[in-house]
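Asks: Let me begin by handing over the structure; questions about it come next.
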Amino acid sequence: MKIKSALASLSVRVLYESFNAEMLVRIGKLLIPGYDIHARSGIPENIPITAQTAASQLLKDVLVEGRYLQLIELLLRINREGFMGREYPVCYLRELLKGIAAEGYLYDSTSGLFMERGEGQITPHWGRLIEGEELQFVLFRLDIVQNSLIVRDNPKERVDQAYGELREIVHKAVYKRMGRVWAWEGDGAIGAFLFGNKHTAAVCAAMEVLHELFFYNRLSNPLDRPLQLRLAVHGGPLKYSFYSDELKRNEVIREIGEIEASCAKPDTLVVSENVFMDVDRIIQDLFGPLASWKGYKTRSYSVRVGESR
């Protein structure tokens with residue numbers, strides 16, 4: 001990412017006034033595998049590097065690697081928790097956070113991560129993920145039931161209208177909870193949640209889609225049959241990629257596909273147990289009993305008029 005010169009200067013000052021050169025090299029190695037400040041700066045190894053020089057070089061390198069936000073997240077964590085049993089108060093943090101906010105990013109204290117404000121363009125990577133970065137995500141997947149029959153039996157303009165309105169329902173439910181929709185592929189979509197209480201956010205987004213679809217089918221649906229969905233929410237580690245084929249190689253994406261296809265009935269949301277355990281209790285009470293399938297443990301939810309589940 002690119003930052004304004006004033007923020008760059010402030011960042012360098014924060015680094016050299018908070019840490020010595022040796023600690024700055026350690027920080028570099030935490031952020032960039034195999035980091036060698038002498039090789040990157042061109043300074044021979046027998047010549048000592050000052051803290052100010054190390055700070056300037058480190059900032060330059062993390063900007064090139066696209067890891068500036070990760071650097072500031074690490075500084076915030078070191079300021080809060082220390083490093084290897086030693087406290088390291090970091091200077092000018094308030095001013096630094098102000099500068100980053102002016103660049104269009106907000107700090108989420110729950111996850112300890114920065115994210116784009118969401119004003120204007122919304123990117124799939126929250127303006128901060130980089131290729132190969134591994135984090136804990138909660139994923140949301142939906143599949144349109146009998147998609148091929150809907151396409152076959154309805155005029156194209158009606159199908160386009162209905163699917164466009166479904167996208168609006170999904171985007172609204174996901175984006176307002178700081179999630180992102182990663183892919184629409186014909187009869188389905190994948191969304192991702194990374195910030196705040198991501199487990200509850202993903203489940204609530206899926207529940208909202210079911211609720212909105214319930215009313216849509218009764219009031220606005222132009223098709224010759226109700227739109228029905230199968231939805232699933234599942235979580236786990238995922239290496240982010242800008243390339244969809246590479247992204248799909250993640251085990252958690254394969255797993256959520258199996259859960260949705262095998263465990264979810266039409267008009268039903270299934271949530272894997274690893275997500276369900278971290279959902280607010282008031283929402284847990286709306287789900288059915290524990291079910292198992294090929295090692296997957298899930299809970300299910302559907303809209304039922306006049307019933308608690």
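Chain identifiers are assigned as A, B, and so on, following the order in which chains appear in the structure tokens; residues are numbered from 1 within each chain, and ligands are numbered from 1 in order of appearance.
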For Glu255 in chain A, work out the shell of residues within 10 Å, counting only C-alpha atoms and skipping chain neighbours fewer than 5 positions away, then give it as number ranges by chain.
Replies: A: 234-236, 250, 260-261, 272, 296
Asks: I'd like the contact shell of Leu96 in chain A - 9 Å cut-off, only C-alpha atoms, skipping same-chain residues fewer than 6 positions apart - returned as JSON, numbers by chain.
Replies: {"A": [7, 10, 11, 14, 72]}
Asks: Select from range 44-96 of chain A everything DSSP, run on the backbone, classes as helix (DSSP H, G or I), then give the selection as a PyMOL selection string.
Replies: chain A and resi 51-64+68-81+93-96
Asks: Could you name the residues that touch Ile256 in chain A at 8 Å or less, counting only C-alpha atoms, but leaving out those on the same chain fewer than 5 positions away, as number ranges by chain?
Replies: A: 139, 141, 232-234
Asks: As a PyMOL selection string, please: every residue in range 138-280 of chain A that a backbone DSSP assignment puts in strand (DSSP E).
Replies: chain A and resi 138-144+180-184+188-193+229-239+268-272
Asks: With the cut-off set at 10 Å and counting only C-alpha atoms, tabulate each residue of range 129-189 of chain A with an atom at most that distance from an atom of range 262-268 of chain A, showing the nearest atom pair and its distance in Å to one decimal, ordered by chain and increasing number, as a Markdown table.
Replies:
| residue | atom | partner | partner_atom | distance |
| --- | --- | --- | --- | --- |
| A:Leu142 | CA | A:Ala264 | CA | 9.8 |
| A:Asp143 | CA | A:Pro266 | CA | 9.2 |
| A:Ile144 | CA | A:Pro266 | CA | 8.7 |
| A:Val145 | CA | A:Pro266 | CA | 6.7 |
| A:Gln146 | CA | A:Pro266 | CA | 9.7 |
